[in-house]
Amino acid sequence: KTTLITKLVEKLKDLCGIAVFNGDATTSQDADQIEKLGVPVVQIATINGCHLDANLVGKGLRKLDIGKAKFIFIENIGNLICPAEFPLGSKARVVVVSVTEGPWMVRKHPHMFLGAQVVINNKTDLAEVMGVSVEALIDDVHTLKPDITVVPTSCKTGEGIDRVAETLLAI
């Protein structure tokens, strides 16, 4: 997720104001990586919690002048269970599922996908070696929510990054 956000920040930061909230249990490594891009970053430590919540995001908002920000990317903790139950007050929920998580992630965690406006199927360059069908994952998402936008991506090859940026700009 962090690499994807980094690619999107690089692509969009000159078009519109960007800020990033990075949720992590204890470290600031991801936030430090994004901060190098010259955009405002707020590290939100959950102190071993499994998700961000609106209260934590609210505290983060008080640490930042967001007047010029068109986008605030909120990177939640990296699981597909806990974050589904805690709305953050965002305009859109984008769920990132990686082919490295296996072929059943959508079926195993439907609630997360039902609450999303966009799904990004990431690390598609590893699909063959992982034995995971990108098309099957997309079909699983569309079975749950037929009209949702699903974008296959690979941060390594650049596949889909432009389409994700265009999709976000249209929201």
# chains A, B, ... in the order shown; residues from 1 in each chain; ligands from 1
>>> closest_atom_pairs(of="range 61-87 of chain A", to="range 114-129 of chain A", cutoff="12 Å", atoms="only C-alpha atoms", output="Markdown table")
| residue | atom | partner | partner_atom | distance |
| --- | --- | --- | --- | --- |
| A:Leu80 | CA | A:Gly115 | CA | 11.4 |
| A:Ile81 | CA | A:Gly115 | CA | 11.9 |
| A:Pro83 | CA | A:Gly115 | CA | 10.4 |
| A:Ala84 | CA | A:Gly115 | CA | 7.3 |
| A:Glu85 | CA | A:Gly115 | CA | 9.3 |
| A:Phe86 | CA | A:Gly115 | CA | 10.5 |
| A:Pro87 | CA | A:Gly115 | CA | 9.2 |
>>> residues_around(residues="Thr6 in chain A", least_positions_apart="6", cutoff="12 Å", atoms="only C-alpha atoms", output="PyMOL selection string")
chain A and resi 12-13+18-20+22+30-39+41+73+75+155+161+165
>>> residues_around(residues="Ile72 in chain A", least_positions_apart="4", cutoff="12 Å", atoms="only C-alpha atoms", output="ChimeraX atom specification")
/A:5,8-9,12-13,16-22,39-42,57,60-61,64-68,88-93,168
>>> select_by_dssp(residues="chain A", states="strand (DSSP E or B)", output="ChimeraX atom specification")
/A:17-24,41-45,69-75,94-98,118-122,149-152
>>> write_last_selection(atoms="C-alpha atoms", output="PDB file, in the first residue's frame")
ATOM      1  CA  GLY A  17      -2.466  19.433  -2.921  1.00  0.00           C
ATOM      2  CA  ILE A  18      -1.795  16.104  -1.231  1.00  0.00           C
ATOM      3  CA  ALA A  19      -1.387  15.077   2.380  1.00  0.00           C
ATOM      4  CA  VAL A  20      -0.918  11.570   3.722  1.00  0.00           C
ATOM      5  CA  PHE A  21      -1.951  10.041   7.018  1.00  0.00           C
ATOM      6  CA  ASN A  22      -0.073   6.852   7.711  1.00  0.00           C
ATOM      7  CA  GLY A  23      -1.486   4.416  10.231  1.00  0.00           C
ATOM      8  CA  ASP A  24       0.976   1.989  11.718  1.00  0.00           C
ATOM      9  CA  VAL A  41       2.574  13.480   6.317  1.00  0.00           C
ATOM     10  CA  VAL A  42       1.028  12.656   9.670  1.00  0.00           C
ATOM     11  CA  GLN A  43       2.103   9.441  11.368  1.00  0.00           C
ATOM     12  CA  ILE A  44      -0.726   7.916  13.386  1.00  0.00           C
ATOM     13  CA  ALA A  45       0.525   5.247  15.762  1.00  0.00           C
ATOM     14  CA  ALA A  69      -5.082  19.572   0.113  1.00  0.00           C
ATOM     15  CA  LYS A  70      -7.458  18.139  -2.463  1.00  0.00           C
ATOM     16  CA  PHE A  71      -6.534  14.620  -1.376  1.00  0.00           C
ATOM     17  CA  ILE A  72      -5.698  13.197   1.976  1.00  0.00           C
ATOM     18  CA  PHE A  73      -4.605   9.624   1.591  1.00  0.00           C
ATOM     19  CA  ILE A  74      -5.285   7.693   4.788  1.00  0.00           C
ATOM     20  CA  GLU A  75      -3.246   4.521   4.874  1.00  0.00           C
ATOM     21  CA  VAL A  94     -10.177   2.364  -1.575  1.00  0.00           C
ATOM     22  CA  VAL A  95      -9.314  -1.225  -0.724  1.00  0.00           C
ATOM     23  CA  VAL A  96      -5.977  -2.592  -1.841  1.00  0.00           C
ATOM     24  CA  VAL A  97      -5.755  -6.358  -2.134  1.00  0.00           C
ATOM     25  CA  SER A  98      -2.570  -7.983  -3.284  1.00  0.00           C
ATOM     26  CA  VAL A 118     -12.694   1.419  -5.522  1.00  0.00           C
ATOM     27  CA  VAL A 119     -10.689  -1.806  -5.324  1.00  0.00           C
ATOM     28  CA  ILE A 120      -7.075  -1.986  -6.376  1.00  0.00           C
ATOM     29  CA  ASN A 121      -5.775  -5.444  -7.205  1.00  0.00           C
ATOM     30  CA  ASN A 122      -2.073  -4.922  -6.556  1.00  0.00           C
ATOM     31  CA  THR A 149     -14.292   0.011 -10.140  1.00  0.00           C
ATOM     32  CA  VAL A 150     -11.485  -2.542  -9.894  1.00  0.00           C
ATOM     33  CA  VAL A 151      -8.031  -1.553 -11.110  1.00  0.00           C
ATOM     34  CA  PRO A 152      -5.256  -4.127 -11.502  1.00  0.00           C
TER      35      PRO A 152
END
>>> atom_distance(atom1="CA of Thr167 in chain A", atom2="CA of Lys108 in chain A")
25.8 Å
>>> select_by_dssp(residues="chain A", states="alpha helix (DSSP H)", output="PyMOL selection string")
chain A and resi 2-12+29-35+54-61+105-108+110-114+127-130+134-144+161-170
>>> atom_distance(atom1="CA of Lys11 in chain A", atom2="CA of Thr157 in chain A")
14.8 Å
>>> atom_distance(atom1="CA of Asn79 in chain A", atom2="CA of Met105 in chain A")
10.5 Å
